[in-house]
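Trainee: Here you go, entry.cif (mmCIF, C-alpha atoms):
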data_entry
#
loop_
_atom_site.group_PDB
_atom_site.id
_atom_site.type_symbol
_atom_site.label_atom_id
_atom_site.label_comp_id
_atom_site.auth_asym_id
_atom_site.auth_seq_id
_atom_site.Cartn_x
_atom_site.Cartn_y
_atom_site.Cartn_z
ATOM 1 C CA MET A 1 128.092 -97.553 234.489
ATOM 2 C CA GLY A 2 130.258 -98.060 237.573
ATOM 3 C CA GLU A 3 133.904 -97.263 238.170
ATOM 4 C CA THR A 4 136.056 -97.167 235.045
ATOM 5 C CA LEU A 5 138.915 -99.605 234.548
ATOM 6 C CA ARG A 6 140.902 -97.040 232.562
ATOM 7 C CA GLY A 7 144.522 -96.913 233.698
ATOM 8 C CA LYS A 8 144.508 -100.378 235.276
ATOM 9 C CA TRP A 9 146.622 -103.393 234.291
ATOM 10 C CA LEU A 10 144.433 -106.464 233.745
ATOM 11 C CA LYS A 11 144.839 -110.049 232.635
ATOM 12 C CA ILE A 12 142.785 -111.542 229.817
ATOM 13 C CA GLN A 13 141.304 -115.004 230.199
ATOM 14 C CA ALA A 14 139.581 -117.092 227.539
ATOM 15 C CA TYR A 15 137.425 -120.148 228.151
ATOM 16 C CA LYS A 16 135.704 -122.711 225.966
ATOM 17 C CA HIS A 17 131.932 -123.208 225.840
ATOM 18 C CA ASP A 18 132.059 -125.912 228.540
ATOM 19 C CA GLY A 19 133.867 -123.561 230.956
ATOM 20 C CA THR A 20 137.327 -125.084 230.583
ATOM 21 C CA PHE A 21 140.354 -122.795 230.549
ATOM 22 C CA HIS A 22 141.645 -121.929 227.061
ATOM 23 C CA ARG A 23 144.256 -119.144 227.252
ATOM 24 C CA LEU A 24 145.593 -116.396 229.553
ATOM 25 C CA TRP A 25 147.381 -113.185 228.562
ATOM 26 C CA SER A 26 149.485 -111.407 231.195
ATOM 27 C CA PHE A 27 148.814 -107.866 232.280
ATOM 28 C CA ASN A 28 147.586 -105.418 229.651
ATOM 29 C CA TYR A 29 146.904 -101.710 230.120
ATOM 30 C CA VAL A 30 143.310 -100.444 229.897
ATOM 31 C CA LEU A 31 143.092 -97.433 227.573
ATOM 32 C CA ARG A 32 139.290 -97.295 227.298
ATOM 33 C CA ASP A 33 136.338 -98.659 229.225
ATOM 34 C CA ASP A 34 133.002 -97.462 227.890
ATOM 35 C CA ASP A 35 129.534 -98.923 227.414
ATOM 36 C CA ASP A 36 130.584 -100.853 224.306
ATOM 37 C CA TYR A 37 134.246 -101.827 224.619
ATOM 38 C CA PHE A 38 137.232 -102.518 226.791
ATOM 39 C CA VAL A 39 140.356 -101.361 224.895
ATOM 40 C CA LEU A 40 143.702 -102.619 226.186
ATOM 41 C CA ALA A 41 147.292 -102.291 224.989
ATOM 42 C CA SER A 42 150.341 -104.467 225.378
ATOM 43 C CA ASN A 43 153.870 -104.915 224.166
ATOM 44 C CA ARG A 44 155.030 -108.543 224.230
ATOM 45 C CA SER A 45 152.375 -109.975 226.500
ATOM 46 C CA ALA A 46 153.095 -113.334 228.134
ATOM 47 C CA VAL A 47 150.589 -116.036 227.165
ATOM 48 C CA ILE A 48 149.762 -119.347 228.838
ATOM 49 C CA GLU A 49 147.878 -121.978 226.821
ATOM 50 C CA HIS A 50 145.431 -124.564 228.190
ATOM 51 C CA ASN A 51 148.142 -127.225 227.931
ATOM 52 C CA GLY A 52 150.607 -125.169 230.004
ATOM 53 C CA ARG A 53 152.716 -123.958 227.073
ATOM 54 C CA LYS A 54 154.075 -120.446 227.665
ATOM 55 C CA TRP A 55 155.088 -117.931 225.026
ATOM 56 C CA HIS A 56 155.229 -114.155 224.396
ATOM 57 C CA THR A 57 153.439 -112.180 221.732
ATOM 58 C CA LYS A 58 155.849 -110.792 219.140
ATOM 59 C CA GLU A 59 154.204 -107.483 218.355
ATOM 60 C CA PRO A 60 152.838 -104.476 220.159
ATOM 61 C CA SER A 61 149.055 -104.871 220.176
ATOM 62 C CA ILE A 62 145.747 -103.221 220.865
ATOM 63 C CA PHE A 63 142.998 -105.519 222.200
ATOM 64 C CA ILE A 64 139.370 -104.528 221.631
ATOM 65 C CA PHE A 65 136.821 -106.491 223.635
ATOM 66 C CA SER A 66 133.187 -105.933 222.792
ATOM 67 C CA LYS A 67 130.823 -105.880 225.739
ATOM 68 C CA LYS A 68 127.741 -106.366 223.532
ATOM 69 C CA GLN A 69 128.805 -108.021 220.269
ATOM 70 C CA TRP A 70 130.097 -111.584 219.878
ATOM 71 C CA PHE A 71 133.703 -110.855 218.908
ATOM 72 C CA ASN A 72 136.979 -109.396 220.094
ATOM 73 C CA VAL A 73 139.907 -108.084 218.098
ATOM 74 C CA ILE A 74 143.669 -108.021 218.440
ATOM 75 C CA ALA A 75 145.323 -105.350 216.262
ATOM 76 C CA MET A 76 148.996 -106.268 215.869
ATOM 77 C CA PHE A 77 151.671 -103.853 214.662
ATOM 78 C CA LYS A 78 153.969 -105.638 212.210
ATOM 79 C CA ASP A 79 157.613 -104.796 211.444
ATOM 80 C CA ASP A 80 156.664 -103.446 208.005
ATOM 81 C CA ASN A 81 154.435 -100.762 209.637
ATOM 82 C CA THR A 82 151.222 -102.562 208.716
ATOM 83 C CA ILE A 83 148.516 -103.611 211.122
ATOM 84 C CA THR A 84 147.122 -107.138 211.071
ATOM 85 C CA TYR A 85 143.801 -107.750 212.805
ATOM 86 C CA TYR A 86 142.960 -111.077 214.402
ATOM 87 C CA VAL A 87 139.290 -111.462 215.283
ATOM 88 C CA ASN A 88 138.035 -114.041 217.742
ATOM 89 C CA ILE A 89 134.375 -114.881 217.353
ATOM 90 C CA ALA A 90 133.578 -115.013 221.049
ATOM 91 C CA SER A 91 131.022 -114.173 223.680
ATOM 92 C CA PRO A 92 130.710 -110.560 224.788
ATOM 93 C CA SER A 93 133.503 -109.800 227.256
ATOM 94 C CA ILE A 94 133.081 -109.115 230.946
ATOM 95 C CA TYR A 95 135.280 -107.785 233.724
ATOM 96 C CA ASP A 96 135.678 -110.056 236.745
ATOM 97 C CA LYS A 97 138.164 -109.530 239.601
ATOM 98 C CA GLY A 98 141.144 -108.267 237.605
ATOM 99 C CA TYR A 99 140.380 -110.172 234.417
ATOM 100 C CA ILE A 100 138.688 -109.486 231.106
ATOM 101 C CA LYS A 101 136.920 -112.785 230.370
ATOM 102 C CA PHE A 102 135.198 -114.295 227.355
ATOM 103 C CA ILE A 103 134.247 -117.611 225.766
ATOM 104 C CA ASP A 104 136.198 -118.398 222.609
ATOM 105 C CA TYR A 105 134.000 -119.993 219.933
ATOM 106 C CA ASP A 106 136.811 -121.152 217.668
ATOM 107 C CA LEU A 107 136.036 -119.185 214.507
ATOM 108 C CA ASP A 108 138.591 -116.500 213.730
ATOM 109 C CA ILE A 109 138.970 -113.898 211.015
ATOM 110 C CA LYS A 110 142.290 -112.459 209.971
ATOM 111 C CA LEU A 111 142.537 -109.083 208.228
ATOM 112 C CA PHE A 112 145.951 -108.694 206.643
ATOM 113 C CA GLY A 113 147.820 -105.430 206.069
ATOM 114 C CA ASP A 114 147.004 -105.569 202.356
ATOM 115 C CA GLY A 115 143.251 -105.620 203.120
ATOM 116 C CA SER A 116 142.681 -109.305 202.349
ATOM 117 C CA THR A 117 140.750 -111.436 204.824
ATOM 118 C CA LYS A 118 140.569 -115.083 205.733
ATOM 119 C CA LEU A 119 138.091 -117.078 207.835
ATOM 120 C CA LEU A 120 140.083 -119.472 210.048
ATOM 121 C CA ASP A 121 139.489 -122.571 212.165
ATOM 122 C CA VAL A 122 136.216 -123.668 210.569
ATOM 123 C CA GLY A 123 137.141 -127.328 211.211
ATOM 124 C CA GLU A 124 137.844 -126.627 214.876
ATOM 125 C CA TYR A 125 134.511 -124.809 215.128
ATOM 126 C CA ARG A 126 132.591 -127.748 213.613
ATOM 127 C CA LYS A 127 134.350 -130.204 215.924
ATOM 128 C CA HIS A 128 133.651 -128.173 219.081
ATOM 129 C CA ALA A 129 130.124 -127.219 218.030
ATOM 130 C CA ASN A 130 129.330 -130.923 218.110
ATOM 131 C CA SER A 131 131.539 -132.168 220.965
ATOM 132 C CA LEU A 132 130.760 -129.224 223.274
ATOM 133 C CA GLY A 133 127.107 -129.024 222.210
ATOM 134 C CA TYR A 134 126.744 -125.465 220.963
ATOM 135 C CA PRO A 135 122.988 -124.781 220.975
ATOM 136 C CA ASP A 136 121.355 -123.672 217.714
ATOM 137 C CA GLU A 137 120.810 -120.192 219.178
ATOM 138 C CA ILE A 138 124.569 -119.825 219.802
ATOM 139 C CA ARG A 139 125.424 -121.208 216.354
ATOM 140 C CA ASN A 140 123.117 -118.594 214.764
ATOM 141 C CA ILE A 141 124.640 -115.782 216.834
ATOM 142 C CA LEU A 142 128.141 -116.877 215.812
ATOM 143 C CA SER A 143 127.211 -117.040 212.122
ATOM 144 C CA ASN A 144 125.669 -113.565 212.314
ATOM 145 C CA SER A 145 128.782 -112.304 214.121
ATOM 146 C CA VAL A 146 131.033 -113.537 211.308
ATOM 147 C CA ASP A 147 128.836 -111.636 208.816
ATOM 148 C CA LEU A 148 128.882 -108.517 211.004
ATOM 149 C CA VAL A 149 132.671 -108.534 211.326
ATOM 150 C CA PHE A 150 133.145 -108.852 207.557
ATOM 151 C CA LYS A 151 130.777 -105.866 207.044
ATOM 152 C CA MET A 152 132.637 -103.833 209.665
ATOM 153 C CA ILE A 153 135.945 -104.630 207.957
ATOM 154 C CA GLN A 154 134.549 -103.641 204.568
ATOM 155 C CA ASN A 155 133.309 -100.328 205.977
ATOM 156 C CA HIS A 156 136.495 -99.656 208.021
ATOM 157 C CA GLN A 157 134.323 -99.347 211.119
ATOM 158 C CA PHE A 158 135.928 -99.311 214.550
ATOM 159 C CA PRO A 159 137.925 -101.264 215.458
ATOM 160 C CA PHE A 160 139.081 -101.798 211.848
ATOM 161 C CA ASP A 161 140.435 -98.276 211.406
ATOM 162 C CA ASN A 162 144.240 -98.102 211.268
ATOM 163 C CA ASP A 163 144.380 -94.420 212.200
ATOM 164 C CA VAL A 164 142.364 -94.966 215.384
ATOM 165 C CA ILE A 165 144.427 -98.026 216.318
ATOM 166 C CA LYS A 166 147.694 -96.102 215.785
ATOM 167 C CA THR A 167 146.398 -93.232 217.934
ATOM 168 C CA LEU A 168 145.471 -95.653 220.713
ATOM 169 C CA TYR A 169 148.907 -97.235 220.658
ATOM 170 C CA LYS A 170 150.647 -93.836 220.743
ATOM 171 C CA GLU A 171 148.597 -93.063 223.849
ATOM 172 C CA PHE A 172 149.911 -96.294 225.420
ATOM 173 C CA GLU A 173 153.507 -95.449 224.456
ATOM 174 C CA ASN A 174 153.173 -92.051 226.130
ATOM 175 C CA ILE A 175 151.948 -93.685 229.355
ATOM 176 C CA ASN A 176 154.354 -96.571 229.360
#
Could I get this structure in the form of structure tokens?

Mentor:
Amino acid sequence: MGETLRGKWLKIQAYKHDGTFHRLWSFNYVLRDDDDYFVLASNRSAVIEHNGRKWHTKEPSIFIFSKKQWFNVIAMFKDDNTITYYVNIASPSIYDKGYIKFIDYDLDIKLFGDGSTKLLDVGEYRKHANSLGYPDEIRNILSNSVDLVFKMIQNHQFPFDNDVIKTLYKEFENIN
């Protein structure tokens, strides 16, 4: 592996399957860069949507971008000291000229602080799978990724481990 990105501030950019811009997050701090994941941290990141709408995230967050698996995760620290996980079923992430980039494939999974989960945006996925022409191979990968994420959640595997996420955020607080 080449030069590490650890300690750098990067932007995050999401695209749709057809290559169109989806969403951009402002600079986030790279805590880890290994063979499997980019791990970034932020506190109130600025976000720009595909339609130009701008907003800020409300919570401190840890972003986990898989380099090999078809998902990424945002662990958000809520006011009640719980962590909510938002999983994007997405292409493996890459680094390109100051950006972490991925293709968002619509399906999302939310893991609430009480341990309950919910599969989100199934209608959006069906619509885009047809209108953007997701090949059968991609559809199968995405389905398998949903299953994998639910198994990882059930087994409290990284990144779905609150203690590890809290430790990562403390590291960011000490730097910031």

Trainee: Could you tell me which of A:Phe21, A:Phe38, A:Tyr15, A:Trp9 comes closest to Ile103 in chain A if we count only C-alpha atoms?

Mentor: A:Tyr15

Trainee: To verify the selection step, state as number ranges by chain which residues the PyMOL selection byres ((chain A and resi 4) around 12) yields on this input.

Mentor: A: 1-3, 5-8, 30-35, 37-39, 95

Trainee: Would you mind telling me which residue in A:Ile175, A:Ile89, A:Ile109, A:Leu168 lies nearest to Leu40 in chain A when using all atoms listed in the file?

Mentor: A:Leu168

Trainee: Give me, as a PDB file with C-alpha atoms, keeping the file's coordinate frame, all polymer residues having an atom no more than 8 Å from range 53-66 of chain A, counting all atoms listed in the file and skipping those fewer than 6 positions away in the same chain.

Mentor:
ATOM      1  CA  ASP A  36     130.584-100.853 224.306  1.00  0.00           C
ATOM      2  CA  TYR A  37     134.246-101.827 224.619  1.00  0.00           C
ATOM      3  CA  PHE A  38     137.232-102.518 226.791  1.00  0.00           C
ATOM      4  CA  VAL A  39     140.356-101.361 224.895  1.00  0.00           C
ATOM      5  CA  LEU A  40     143.702-102.619 226.186  1.00  0.00           C
ATOM      6  CA  ALA A  41     147.292-102.291 224.989  1.00  0.00           C
ATOM      7  CA  SER A  42     150.341-104.467 225.378  1.00  0.00           C
ATOM      8  CA  ASN A  43     153.870-104.915 224.166  1.00  0.00           C
ATOM      9  CA  ARG A  44     155.030-108.543 224.230  1.00  0.00           C
ATOM     10  CA  SER A  45     152.375-109.975 226.500  1.00  0.00           C
ATOM     11  CA  ALA A  46     153.095-113.334 228.134  1.00  0.00           C
ATOM     12  CA  VAL A  47     150.589-116.036 227.165  1.00  0.00           C
ATOM     13  CA  ASN A  72     136.979-109.396 220.094  1.00  0.00           C
ATOM     14  CA  VAL A  73     139.907-108.084 218.098  1.00  0.00           C
ATOM     15  CA  ILE A  74     143.669-108.021 218.440  1.00  0.00           C
ATOM     16  CA  ALA A  75     145.323-105.350 216.262  1.00  0.00           C
ATOM     17  CA  MET A  76     148.996-106.268 215.869  1.00  0.00           C
ATOM     18  CA  PHE A  77     151.671-103.853 214.662  1.00  0.00           C
ATOM     19  CA  LYS A  78     153.969-105.638 212.210  1.00  0.00           C
ATOM     20  CA  PRO A  92     130.710-110.560 224.788  1.00  0.00           C
ATOM     21  CA  SER A  93     133.503-109.800 227.256  1.00  0.00           C
ATOM     22  CA  PRO A 159     137.925-101.264 215.458  1.00  0.00           C
ATOM     23  CA  ILE A 165     144.427 -98.026 216.318  1.00  0.00           C
ATOM     24  CA  LEU A 168     145.471 -95.653 220.713  1.00  0.00           C
ATOM     25  CA  TYR A 169     148.907 -97.235 220.658  1.00  0.00           C
TER      26      TYR A 169
END

Trainee: To one decimal place in Å, what is the distance between CA of Arg23 in chain A and CA of His50 in chain A?

Mentor: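 A separation of 5.6 Å between them.
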
Trainee: Within 9 Å of (141.6, -115.3, 211.3) in the file's own coordinates, which protein, DNA or RNA residues have an atom, counting all atoms listed in the file? List them as a PyMOL selection string.

Mentor: chain A and resi 85-88+107-111+117-121

Trainee: Just how far from CA of Phe112 in chain A is CA of Asp163 in chain A, in Å to one decimal?

Mentor: 15.4 Å

Trainee: Decode the PyMOL selection byres ((chain A and resi 113) around 8) for the given file into explicit residues and return them as a PyMOL selection string.

Mentor: chain A and resi 82-84+111-112+114-116

Trainee: Evaluating the PyMOL selection byres ((chain A and resi 140-142) around 10) on the displayed file yields which residues, as a PyMOL selection string?

Mentor: chain A and resi 69-71+89-91+105-107+134-139+143-148

Trainee: Write a file of the selected residues as a compact mmCIF listing (two decimals), in the frame of the given file, keeping C-alpha atoms.

Mentor:
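Once written, out.txt looks like this:
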# COMPACT_ATOMS: atom_id res chain seq x y z
CA GLN A 69 128.80 -108.02 220.27
CA TRP A 70 130.10 -111.58 219.88
CA PHE A 71 133.70 -110.86 218.91
CA ILE A 89 134.38 -114.88 217.35
CA ALA A 90 133.58 -115.01 221.05
CA SER A 91 131.02 -114.17 223.68
CA TYR A 105 134.00 -119.99 219.93
CA ASP A 106 136.81 -121.15 217.67
CA LEU A 107 136.04 -119.18 214.51
CA TYR A 134 126.74 -125.46 220.96
CA PRO A 135 122.99 -124.78 220.98
CA ASP A 136 121.36 -123.67 217.71
CA GLU A 137 120.81 -120.19 219.18
CA ILE A 138 124.57 -119.82 219.80
CA ARG A 139 125.42 -121.21 216.35
CA SER A 143 127.21 -117.04 212.12
CA ASN A 144 125.67 -113.56 212.31
CA SER A 145 128.78 -112.30 214.12
CA VAL A 146 131.03 -113.54 211.31
CA ASP A 147 128.84 -111.64 208.82
CA LEU A 148 128.88 -108.52 211.00

Trainee: Could you jot down the CA of Lys166 in chain A to CA of Lys11 in chain A separation for me, Å, one decimal place?

Mentor: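 Atom-to-atom, CA of Lys166 in chain A and CA of Lys11 in chain A are spaced 22.1 Å apart.
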
Trainee: Between A:Glu171, A:Arg126, A:Val149, A:Gln13, which is the closest to Tyr29 in chain A once you count all atoms listed in the file?

Mentor: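 Going through A:Glu171, A:Arg126, A:Val149, A:Gln13 one by one, the smallest distance to Tyr29 in chain A is for A:Glu171.
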
Trainee: Which one of A:Ile48, A:His17, A:Phe27, A:Leu10 sits closest to Ser131 in chain A if you count only C-alpha atoms?

Mentor: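 The shortest atom-to-atom distance to Ser131 in chain A comes from A:His17.
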
Trainee: Which residue, A:Asn130, A:Lys101, A:Thr167, A:Lys68, has the smallest gap to Ile12 in chain A when you use only C-alpha atoms?

Mentor: A:Lys101

Trainee: How big is the axis-aligned box around all listed atoms of range 35-50 of chain A once 5 Å goes on each side, and where's its centre, in Å to one decimal, as JSON?

Mentor:
{"center_x": 142.3, "center_y": -111.7, "center_z": 226.5, "size_x": 35.5, "size_y": 35.6, "size_z": 14.7}

Trainee: Could N, CA and C atoms be built for range 139-173 of chain A and written out as a compact mmCIF listing (two decimals), keeping the file's coordinate frame?

Mentor:
# COMPACT_ATOMS: atom_id res chain seq x y z
N ARG A 139 124.91 -121.03 217.72
CA ARG A 139 125.42 -121.21 216.35
C ARG A 139 124.94 -120.08 215.43
N ASN A 140 123.67 -119.69 215.57
CA ASN A 140 123.12 -118.59 214.76
C ASN A 140 123.78 -117.27 215.12
N ILE A 141 123.97 -117.01 216.40
CA ILE A 141 124.64 -115.78 216.83
C ILE A 141 126.05 -115.72 216.26
N LEU A 142 126.76 -116.84 216.31
CA LEU A 142 128.14 -116.88 215.81
C LEU A 142 128.19 -116.64 214.31
N SER A 143 127.28 -117.25 213.58
CA SER A 143 127.21 -117.04 212.12
C SER A 143 126.94 -115.57 211.80
N ASN A 144 125.99 -114.98 212.52
CA ASN A 144 125.67 -113.56 212.31
C ASN A 144 126.85 -112.68 212.69
N SER A 145 127.61 -113.08 213.70
CA SER A 145 128.78 -112.30 214.12
C SER A 145 129.87 -112.31 213.06
N VAL A 146 130.07 -113.46 212.41
CA VAL A 146 131.03 -113.54 211.31
C VAL A 146 130.62 -112.55 210.21
N ASP A 147 129.34 -112.57 209.84
CA ASP A 147 128.84 -111.64 208.82
C ASP A 147 129.04 -110.19 209.24
N LEU A 148 128.73 -109.88 210.49
CA LEU A 148 128.88 -108.52 211.00
C LEU A 148 130.34 -108.06 210.93
N VAL A 149 131.26 -108.91 211.34
CA VAL A 149 132.67 -108.53 211.33
C VAL A 149 133.13 -108.26 209.89
N PHE A 150 132.75 -109.10 208.94
CA PHE A 150 133.15 -108.85 207.56
C PHE A 150 132.58 -107.52 207.04
N LYS A 151 131.35 -107.16 207.44
CA LYS A 151 130.78 -105.87 207.04
C LYS A 151 131.54 -104.71 207.70
N MET A 152 131.88 -104.87 208.96
CA MET A 152 132.64 -103.83 209.66
C MET A 152 134.01 -103.63 209.02
N ILE A 153 134.66 -104.72 208.64
CA ILE A 153 135.94 -104.63 207.96
C ILE A 153 135.79 -103.89 206.64
N GLN A 154 134.79 -104.27 205.87
CA GLN A 154 134.55 -103.64 204.57
C GLN A 154 134.31 -102.14 204.69
N ASN A 155 133.64 -101.74 205.77
CA ASN A 155 133.31 -100.33 205.98
C ASN A 155 134.34 -99.58 206.83
N HIS A 156 135.43 -100.25 207.19
CA HIS A 156 136.50 -99.66 208.02
C HIS A 156 135.93 -99.08 209.32
N GLN A 157 134.92 -99.76 209.85
CA GLN A 157 134.32 -99.35 211.12
C GLN A 157 135.25 -99.72 212.27
N PHE A 158 135.17 -98.94 213.35
CA PHE A 158 135.93 -99.31 214.55
C PHE A 158 135.56 -100.73 214.93
N PRO A 159 136.52 -101.56 215.22
CA PRO A 159 137.93 -101.26 215.46
C PRO A 159 138.84 -101.40 214.24
N PHE A 160 138.27 -101.55 213.05
CA PHE A 160 139.08 -101.80 211.85
C PHE A 160 139.45 -100.50 211.14
N ASP A 161 140.02 -99.58 211.90
CA ASP A 161 140.44 -98.28 211.41
C ASP A 161 141.88 -98.05 211.85
N ASN A 162 142.82 -98.19 210.92
CA ASN A 162 144.24 -98.10 211.27
C ASN A 162 144.61 -96.81 211.98
N ASP A 163 144.03 -95.70 211.57
CA ASP A 163 144.38 -94.42 212.20
C ASP A 163 143.99 -94.41 213.68
N VAL A 164 142.82 -94.92 213.99
CA VAL A 164 142.36 -94.97 215.38
C VAL A 164 143.25 -95.91 216.19
N ILE A 165 143.58 -97.05 215.62
CA ILE A 165 144.43 -98.03 216.32
C ILE A 165 145.81 -97.43 216.58
N LYS A 166 146.38 -96.74 215.59
CA LYS A 166 147.69 -96.10 215.78
C LYS A 166 147.64 -95.04 216.88
N THR A 167 146.56 -94.26 216.91
CA THR A 167 146.40 -93.23 217.93
C THR A 167 146.31 -93.86 219.32
N LEU A 168 145.57 -94.96 219.44
CA LEU A 168 145.47 -95.65 220.71
C LEU A 168 146.83 -96.16 221.17
N TYR A 169 147.61 -96.71 220.25
CA TYR A 169 148.91 -97.24 220.66
C TYR A 169 149.88 -96.12 221.05
N LYS A 170 149.81 -94.98 220.36
CA LYS A 170 150.65 -93.84 220.74
C LYS A 170 150.30 -93.39 222.16
N GLU A 171 149.02 -93.42 222.49
CA GLU A 171 148.60 -93.06 223.85
C GLU A 171 149.25 -94.01 224.86
N PHE A 172 149.28 -95.30 224.55
CA PHE A 172 149.91 -96.29 225.42
C PHE A 172 151.41 -96.04 225.54
N GLU A 173 152.06 -95.73 224.43
CA GLU A 173 153.51 -95.45 224.46
C GLU A 173 153.82 -94.25 225.35
